[in-house]
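Dumped protein_31.json below, it's JSON, C-alpha atoms:
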[["chain", "number", "residue", "atom", "x", "y", "z"],
["R", 1, "MET", "CA", 25.86, 37.17, -36.81],
["R", 2, "ILE", "CA", 29.38, 35.99, -36.02],
["R", 3, "ALA", "CA", 29.10, 33.08, -38.47],
["R", 4, "TYR", "CA", 27.24, 35.13, -41.05],
["R", 5, "ALA", "CA", 29.79, 37.96, -41.41],
["R", 6, "PRO", "CA", 32.66, 35.78, -42.71],
["R", 7, "ARG", "CA", 30.33, 34.23, -45.30],
["R", 8, "VAL", "CA", 29.40, 37.69, -46.55],
["R", 9, "ARG", "CA", 33.07, 38.66, -46.81],
["R", 10, "ILE", "CA", 33.90, 35.45, -48.69],
["R", 11, "LEU", "CA", 31.00, 35.98, -51.10],
["R", 12, "SER", "CA", 32.03, 39.59, -51.67],
["R", 13, "LEU", "CA", 35.60, 38.52, -52.35],
["R", 14, "ARG", "CA", 34.45, 35.89, -54.85],
["R", 15, "LEU", "CA", 32.29, 38.42, -56.67],
["R", 16, "LEU", "CA", 35.19, 40.87, -56.76],
["R", 17, "LEU", "CA", 37.54, 38.25, -58.22],
["R", 18, "LEU", "CA", 34.92, 37.22, -60.76],
["R", 19, "GLY", "CA", 34.44, 40.82, -61.84],
["R", 20, "ALA", "CA", 38.19, 41.31, -62.25],
["R", 21, "ALA", "CA", 38.47, 38.14, -64.31],
["R", 22, "LEU", "CA", 35.63, 39.21, -66.59],
["R", 23, "CYS", "CA", 37.23, 42.63, -67.03],
["R", 24, "ILE", "CA", 40.58, 41.12, -67.99],
["R", 25, "ALA", "CA", 38.92, 38.71, -70.40],
["R", 26, "GLY", "CA", 36.88, 41.50, -71.95],
["R", 27, "CYS", "CA", 39.90, 43.74, -72.43],
["R", 28, "ALA", "CA", 41.92, 40.89, -73.93],
["R", 29, "GLY", "CA", 39.20, 40.19, -76.50],
["R", 30, "ARG", "CA", 38.43, 43.83, -77.30],
["R", 31, "PRO", "CA", 39.24, 44.61, -80.95],
["R", 32, "LEU", "CA", 41.54, 47.50, -81.80],
["R", 33, "PRO", "CA", 40.13, 50.29, -83.97],
["R", 34, "LYS", "CA", 40.62, 50.02, -87.73],
["R", 35, "PHE", "CA", 44.16, 51.09, -88.62],
["R", 36, "GLN", "CA", 44.51, 54.36, -90.54],
["R", 37, "LYS", "CA", 47.56, 55.39, -92.53],
["R", 38, "PRO", "CA", 49.29, 58.23, -90.62],
["R", 39, "ILE", "CA", 48.79, 61.71, -92.04],
["R", 40, "ALA", "CA", 51.87, 63.73, -92.97],
["R", 41, "ARG", "CA", 53.73, 65.24, -90.03],
["R", 42, "ALA", "CA", 53.49, 68.98, -90.63],
["R", 43, "GLU", "CA", 52.91, 72.28, -88.87],
["R", 44, "PHE", "CA", 49.30, 72.45, -90.07],
["R", 45, "GLN", "CA", 47.10, 69.34, -90.20],
["R", 46, "SER", "CA", 43.43, 68.65, -90.84],
["R", 47, "VAL", "CA", 42.31, 66.17, -88.19],
["R", 48, "ARG", "CA", 39.16, 64.52, -86.88],
["R", 49, "THR", "CA", 38.54, 65.37, -83.22],
["R", 50, "THR", "CA", 36.29, 63.86, -80.58],
["R", 51, "ALA", "CA", 35.83, 64.77, -76.92],
["R", 52, "TYR", "CA", 35.96, 62.97, -73.57],
["R", 53, "THR", "CA", 35.61, 63.78, -69.90],
["R", 54, "HIS", "CA", 36.69, 62.27, -66.59],
["R", 55, "SER", "CA", 33.16, 61.23, -65.55],
["R", 56, "GLU", "CA", 32.70, 58.70, -68.37],
["R", 57, "ALA", "CA", 32.26, 55.13, -67.19],
["R", 58, "ASP", "CA", 35.58, 53.92, -68.61],
["R", 59, "HIS", "CA", 37.46, 56.76, -66.92],
["R", 60, "LEU", "CA", 35.94, 56.74, -63.43],
["R", 61, "LYS", "CA", 38.70, 54.60, -61.90],
["R", 62, "TYR", "CA", 41.31, 57.13, -63.07],
["R", 63, "GLY", "CA", 39.38, 60.28, -62.20],
["R", 64, "ARG", "CA", 41.03, 63.45, -63.48],
["R", 65, "ARG", "CA", 44.44, 61.86, -64.00],
["R", 66, "ASN", "CA", 46.08, 61.62, -67.41],
["R", 67, "ALA", "CA", 48.48, 59.08, -68.89],
["R", 68, "LEU", "CA", 51.46, 61.06, -67.61],
["R", 69, "GLY", "CA", 50.33, 60.73, -64.01],
["R", 70, "GLY", "CA", 49.29, 64.38, -63.73],
["R", 71, "ALA", "CA", 45.91, 66.11, -63.75],
["R", 72, "LEU", "CA", 43.78, 66.58, -66.84],
["R", 73, "GLN", "CA", 43.80, 70.29, -67.71],
["R", 74, "SER", "CA", 41.08, 72.62, -68.99],
["R", 75, "THR", "CA", 42.74, 76.00, -68.46],
["R", 76, "GLN", "CA", 45.04, 77.98, -70.80],
["R", 77, "ILE", "CA", 46.59, 74.77, -72.08],
["R", 78, "ARG", "CA", 44.05, 71.96, -72.23],
["R", 79, "SER", "CA", 44.62, 68.21, -72.19],
["R", 80, "ALA", "CA", 44.27, 66.02, -75.27],
["R", 81, "ALA", "CA", 44.64, 62.31, -76.00],
["R", 82, "ALA", "CA", 46.13, 60.88, -79.18],
["R", 83, "ASP", "CA", 48.26, 58.12, -80.66],
["R", 84, "TRP", "CA", 51.69, 59.02, -79.26],
["R", 85, "SER", "CA", 53.50, 57.69, -82.33],
["R", 86, "ARG", "CA", 51.72, 60.42, -84.35],
["R", 87, "TRP", "CA", 51.56, 63.17, -81.73],
["R", 88, "PRO", "CA", 54.10, 62.35, -78.99],
["R", 89, "ALA", "CA", 53.34, 63.22, -75.37],
["R", 90, "GLY", "CA", 54.11, 66.89, -74.87],
["R", 91, "THR", "CA", 52.96, 67.93, -78.35],
["R", 92, "ILE", "CA", 51.30, 71.35, -78.18],
["R", 93, "PHE", "CA", 48.85, 72.47, -80.84],
["R", 94, "ARG", "CA", 46.30, 75.20, -81.46],
["R", 95, "ILE", "CA", 42.90, 74.63, -83.03],
["R", 96, "GLN", "CA", 42.65, 77.26, -85.75],
["R", 97, "GLU", "CA", 38.85, 77.49, -85.64],
["R", 98, "THR", "CA", 38.64, 78.21, -81.89],
["R", 99, "GLY", "CA", 42.09, 79.47, -80.88],
["R", 100, "GLU", "CA", 42.22, 76.89, -78.06],
["R", 101, "VAL", "CA", 45.64, 75.47, -77.16],
["R", 102, "TYR", "CA", 46.02, 71.79, -76.21],
["R", 103, "GLN", "CA", 48.83, 69.57, -75.03],
["R", 104, "VAL", "CA", 48.90, 65.81, -75.62],
["R", 105, "ASP", "CA", 49.24, 64.17, -72.21],
["R", 106, "ASP", "CA", 46.91, 61.19, -72.64],
["R", 107, "TYR", "CA", 46.08, 58.31, -74.97],
["R", 108, "GLY", "CA", 43.31, 55.74, -75.28],
["R", 109, "TRP", "CA", 42.31, 52.41, -76.78],
["R", 110, "ALA", "CA", 40.12, 53.93, -79.51],
["R", 111, "LEU", "CA", 42.91, 56.27, -80.67],
["R", 112, "ALA", "CA", 45.79, 53.86, -81.27],
["R", 113, "GLY", "CA", 46.49, 53.54, -84.98],
["R", 114, "THR", "CA", 44.13, 56.38, -85.93],
["R", 115, "ASN", "CA", 44.41, 60.05, -86.90],
["R", 116, "THR", "CA", 41.81, 61.14, -84.34],
["R", 117, "ILE", "CA", 42.62, 63.45, -81.42],
["R", 118, "ASP", "CA", 40.40, 63.28, -78.32],
["R", 119, "LEU", "CA", 39.97, 66.64, -76.58],
["R", 120, "TYR", "CA", 39.45, 66.72, -72.82],
["R", 121, "LYS", "CA", 36.37, 68.60, -71.63],
["R", 122, "PRO", "CA", 35.64, 69.32, -67.95],
["R", 123, "SER", "CA", 31.98, 68.24, -68.12],
["R", 124, "ARG", "CA", 29.64, 65.92, -70.00],
["R", 125, "SER", "CA", 27.72, 68.89, -71.39],
["R", 126, "ALA", "CA", 30.91, 70.39, -72.85],
["R", 127, "MET", "CA", 31.90, 66.98, -74.22],
["R", 128, "ASN", "CA", 28.53, 66.51, -75.91],
["R", 129, "ALA", "CA", 28.55, 70.07, -77.23],
["R", 130, "TRP", "CA", 31.83, 69.40, -79.02],
["R", 131, "GLY", "CA", 30.75, 66.08, -80.49],
["R", 132, "VAL", "CA", 32.85, 65.09, -83.51],
["R", 133, "ARG", "CA", 34.49, 67.83, -85.58],
["R", 134, "ARG", "CA", 37.12, 68.04, -88.29],
["R", 135, "VAL", "CA", 39.40, 70.98, -87.58],
["R", 136, "THR", "CA", 42.73, 72.42, -88.66],
["R", 137, "ILE", "CA", 45.41, 72.31, -86.00],
["R", 138, "GLN", "CA", 48.69, 74.20, -85.90],
["R", 139, "ASN", "CA", 51.38, 72.16, -84.19],
["R", 140, "LEU", "CA", 53.32, 74.65, -82.08],
["R", 141, "GLN", "CA", 55.73, 72.12, -80.60],
["R", 142, "TRP", "CA", 56.27, 68.41, -81.09],
["R", 143, "GLY", "CA", 56.61, 66.28, -78.00],
["R", 144, "ASP", "CA", 59.69, 64.12, -77.44],
["R", 145, "PRO", "CA", 59.17, 60.80, -79.31],
["R", 146, "HIS", "CA", 62.08, 59.08, -77.53],
["R", 147, "ARG", "CA", 60.72, 59.81, -74.06],
["R", 148, "SER", "CA", 57.20, 58.89, -75.18],
["R", 149, "LEU", "CA", 58.41, 55.57, -76.55],
["R", 150, "SER", "CA", 60.28, 54.79, -73.33],
["R", 151, "VAL", "CA", 57.01, 55.23, -71.43],
["R", 152, "LEU", "CA", 55.00, 53.10, -73.84],
["R", 153, "LYS", "CA", 57.45, 50.21, -73.86],
["R", 154, "HIS", "CA", 56.78, 49.61, -70.16],
["R", 155, "ARG", "CA", 53.08, 49.17, -70.98],
["R", 156, "SER", "CA", 53.34, 46.98, -74.07],
["R", 157, "LYS", "CA", 51.21, 44.22, -72.53],
["R", 158, "PHE", "CA", 48.21, 46.27, -73.67],
["R", 159, "LYS", "CA", 47.38, 45.76, -77.35],
["R", 160, "HIS", "CA", 46.77, 49.43, -78.12],
["R", 161, "VAL", "CA", 50.09, 50.41, -76.54],
["R", 162, "ARG", "CA", 51.87, 47.67, -78.50],
["R", 163, "ARG", "CA", 50.38, 49.13, -81.68],
["R", 164, "MET", "CA", 51.83, 52.56, -80.90],
["R", 165, "VAL", "CA", 55.24, 51.07, -80.13],
["R", 166, "ASP", "CA", 55.16, 49.16, -83.44],
["R", 167, "GLU", "CA", 54.27, 52.37, -85.28],
["R", 168, "TYR", "CA", 57.37, 54.05, -83.92],
["R", 169, "ASP", "CA", 59.36, 51.17, -85.39],
["R", 170, "ASP", "CA", 57.54, 51.42, -88.74],
["R", 171, "TYR", "CA", 57.47, 55.19, -89.25],
["R", 172, "GLY", "CA", 60.55, 56.37, -87.41],
["R", 173, "MET", "CA", 61.24, 59.01, -84.80],
["R", 174, "LYS", "CA", 61.79, 62.09, -86.98],
["R", 175, "PHE", "CA", 59.43, 65.05, -86.69],
["R", 176, "PRO", "CA", 59.83, 68.21, -88.80],
["R", 177, "ALA", "CA", 61.04, 71.46, -87.31],
["R", 178, "LEU", "CA", 58.22, 73.92, -86.66],
["R", 179, "VAL", "CA", 58.36, 77.54, -87.80],
["R", 180, "GLN", "CA", 56.20, 79.79, -85.64],
["R", 181, "GLN", "CA", 53.65, 81.76, -87.62],
["R", 182, "ALA", "CA", 52.80, 85.34, -86.61],
["R", 183, "PRO", "CA", 50.53, 86.98, -85.80],
["R", 184, "SER", "CA", 48.71, 84.20, -83.94],
["R", 185, "PRO", "CA", 44.94, 84.31, -83.29],
["R", 186, "GLU", "CA", 45.64, 83.79, -79.58],
["R", 187, "PRO", "CA", 48.91, 84.50, -77.72],
["R", 188, "ILE", "CA", 50.86, 81.42, -76.73],
["R", 189, "PRO", "CA", 50.88, 81.19, -72.90],
["R", 190, "ALA", "CA", 54.17, 82.01, -71.20],
["R", 191, "GLY", "CA", 56.45, 79.01, -70.77],
["R", 192, "ILE", "CA", 54.85, 77.00, -73.55],
["R", 193, "ALA", "CA", 58.19, 76.33, -75.24],
["R", 194, "GLN", "CA", 59.50, 74.56, -72.15],
["R", 195, "ALA", "CA", 56.71, 71.96, -71.95],
["R", 196, "SER", "CA", 57.82, 68.35, -72.31],
["R", 197, "ALA", "CA", 56.81, 64.83, -71.30],
["R", 198, "PRO", "CA", 57.86, 63.64, -67.82],
["R", 199, "THR", "CA", 60.42, 60.88, -67.61],
["R", 200, "ARG", "CA", 58.36, 58.63, -65.30],
["R", 201, "VAL", "CA", 54.62, 58.19, -65.66],
["R", 202, "GLU", "CA", 51.82, 55.88, -64.69],
["R", 203, "ARG", "CA", 49.23, 54.92, -67.31],
["R", 204, "ALA", "CA", 45.88, 56.39, -66.40],
["R", 205, "ARG", "CA", 43.63, 55.33, -69.25],
["R", 206, "ALA", "CA", 45.28, 52.02, -70.13],
["R", 207, "VAL", "CA", 42.15, 50.06, -71.00],
["R", 208, "ARG", "CA", 39.95, 52.77, -72.41]]
What does the file become when written as structure tokens?
Amino acid sequence: MIAYAPRVRILSLRLLLLGAALCIAGCAGRPLPKFQKPIARAEFQSVRTTAYTHSEADHLKYGRRNALGGALQSTQIRSAAADWSRWPAGTIFRIQETGEVYQVDDYGWALAGTNTIDLYKPSRSAMNAWGVRRVTIQNLQWGDPHRSLSVLKHRSKFKHVRRMVDEYDDYGMKFPALVQQAPSPEPIPAGIAQASAPTRVERARAVR
């Protein structure tokens, strides 16, 4: 038993290192999604939406954490993932068809360079129930593109992050002023105007 235990540990370590190497190789060779021309930055936009949840295989290692280092939300203001060069971190929008309010606090591999927004759902059943839908969103507040870009630049070793950084360079940092429309189908939660992206974050879904 004394001689056997070290061999088991060595074998386990080798398997762990092999798995990590395969993961790195797979991520490096993973193709980015087909690039889509950005839609016009406006208060109202028609966008394709998908849904995700924290229990998906590619999100298990990050649990309920988002790209800003905080917790994924499913309360009054829900979490959403998007290309940050199109919807910067901190962007708050309302889905016109449902009245739900979301804040962009996440991003993912399959979203970089696309006009799709991924909506966080707290369970697989809710994720599946949403499926894929085209909806009209009302952008209530744009996030801060400068702070978003500063976060992304520290993660540029990932291809999808590099794509977002390059988009900022190509399409600029200007976002139109938003004029609040009234009456709204659902009241904006108190404090919504103060929401913004944190200055220091840790990437949660870097290789999604």
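Here CA of Ser79 in chain R and CA of Leu119 in chain R stand 6.6 Å from one another.
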Looking at R:Ala110, R:Leu149, R:Val104, R:Val135, which one is nearest to Glu167 in chain R, with distances taken over only C-alpha atoms? R:Leu149
Counting all atoms listed in the file, which of R:Arg65, R:Lys121, R:Lys34, R:Arg134 gets nearest to Gln96 in chain R? R:Arg134
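Our summary of the geometry notes that CA of Gln76 in chain R is positioned 23.8 Å from CA of Pro145 in chain R.
CA of Tyr168 in chain R is positioned 5.5 Å from CA of Ser85 in chain R.
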Name all residues at most 10 Å from range 156-166 of chain R (count all atoms listed in the file; drop same-chain ones fewer than 3 positions away) and give them as a PDB file with C-alpha atoms, keeping the file's coordinate frame.
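Wrote out-v6.pdb, looks like this:
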ATOM      1  CA  CYS R  27      39.900  43.740 -72.430  1.00  0.00           C
ATOM      2  CA  ALA R  28      41.920  40.890 -73.930  1.00  0.00           C
ATOM      3  CA  GLY R  29      39.200  40.190 -76.500  1.00  0.00           C
ATOM      4  CA  ARG R  30      38.430  43.830 -77.300  1.00  0.00           C
ATOM      5  CA  PRO R  31      39.240  44.610 -80.950  1.00  0.00           C
ATOM      6  CA  LEU R  32      41.540  47.500 -81.800  1.00  0.00           C
ATOM      7  CA  PRO R  33      40.130  50.290 -83.970  1.00  0.00           C
ATOM      8  CA  PHE R  35      44.160  51.090 -88.620  1.00  0.00           C
ATOM      9  CA  ASP R  83      48.260  58.120 -80.660  1.00  0.00           C
ATOM     10  CA  TRP R  84      51.690  59.020 -79.260  1.00  0.00           C
ATOM     11  CA  SER R  85      53.500  57.690 -82.330  1.00  0.00           C
ATOM     12  CA  ARG R  86      51.720  60.420 -84.350  1.00  0.00           C
ATOM     13  CA  TYR R 107      46.080  58.310 -74.970  1.00  0.00           C
ATOM     14  CA  GLY R 108      43.310  55.740 -75.280  1.00  0.00           C
ATOM     15  CA  TRP R 109      42.310  52.410 -76.780  1.00  0.00           C
ATOM     16  CA  ALA R 110      40.120  53.930 -79.510  1.00  0.00           C
ATOM     17  CA  LEU R 111      42.910  56.270 -80.670  1.00  0.00           C
ATOM     18  CA  ALA R 112      45.790  53.860 -81.270  1.00  0.00           C
ATOM     19  CA  GLY R 113      46.490  53.540 -84.980  1.00  0.00           C
ATOM     20  CA  THR R 114      44.130  56.380 -85.930  1.00  0.00           C
ATOM     21  CA  SER R 148      57.200  58.890 -75.180  1.00  0.00           C
ATOM     22  CA  LEU R 149      58.410  55.570 -76.550  1.00  0.00           C
ATOM     23  CA  SER R 150      60.280  54.790 -73.330  1.00  0.00           C
ATOM     24  CA  VAL R 151      57.010  55.230 -71.430  1.00  0.00           C
ATOM     25  CA  LEU R 152      55.000  53.100 -73.840  1.00  0.00           C
ATOM     26  CA  LYS R 153      57.450  50.210 -73.860  1.00  0.00           C
ATOM     27  CA  ASP R 169      59.360  51.170 -85.390  1.00  0.00           C
ATOM     28  CA  ASP R 170      57.540  51.420 -88.740  1.00  0.00           C
ATOM     29  CA  TYR R 171      57.470  55.190 -89.250  1.00  0.00           C
ATOM     30  CA  GLY R 172      60.550  56.370 -87.410  1.00  0.00           C
ATOM     31  CA  ALA R 206      45.280  52.020 -70.130  1.00  0.00           C
ATOM     32  CA  VAL R 207      42.150  50.060 -71.000  1.00  0.00           C
ATOM     33  CA  ARG R 208      39.950  52.770 -72.410  1.00  0.00           C
TER      34      ARG R 208
END
Output as lines of an AutoDock Vina configuration file the centre and edge lengths (Å, one decimal) of the box along x, y and z of the file that holds every listed atom of range 90-99 of chain R after adding 4 Å on each side.
center_x = 46.4
center_y = 73.2
center_z = -80.3
size_x = 23.5
size_y = 20.6
size_z = 18.9
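Among the candidate residues R:Gly90, R:Gly69, R:Pro122, R:Gly143, the one lying nearest to Ala51 in chain R is R:Pro122, with distances computed using only C-alpha atoms.
For the choices R:Thr75, R:Thr50, R:Asn66, R:Gln45, the atom-to-atom distance to Glu100 in chain R is smallest for R:Thr75 when using all atoms listed in the file.
Counting all atoms listed in the file and comparing R:Gly99, R:Pro88, R:Gly131, R:Pro176, the residue that lies closest to Arg147 in chain R is R:Pro88.
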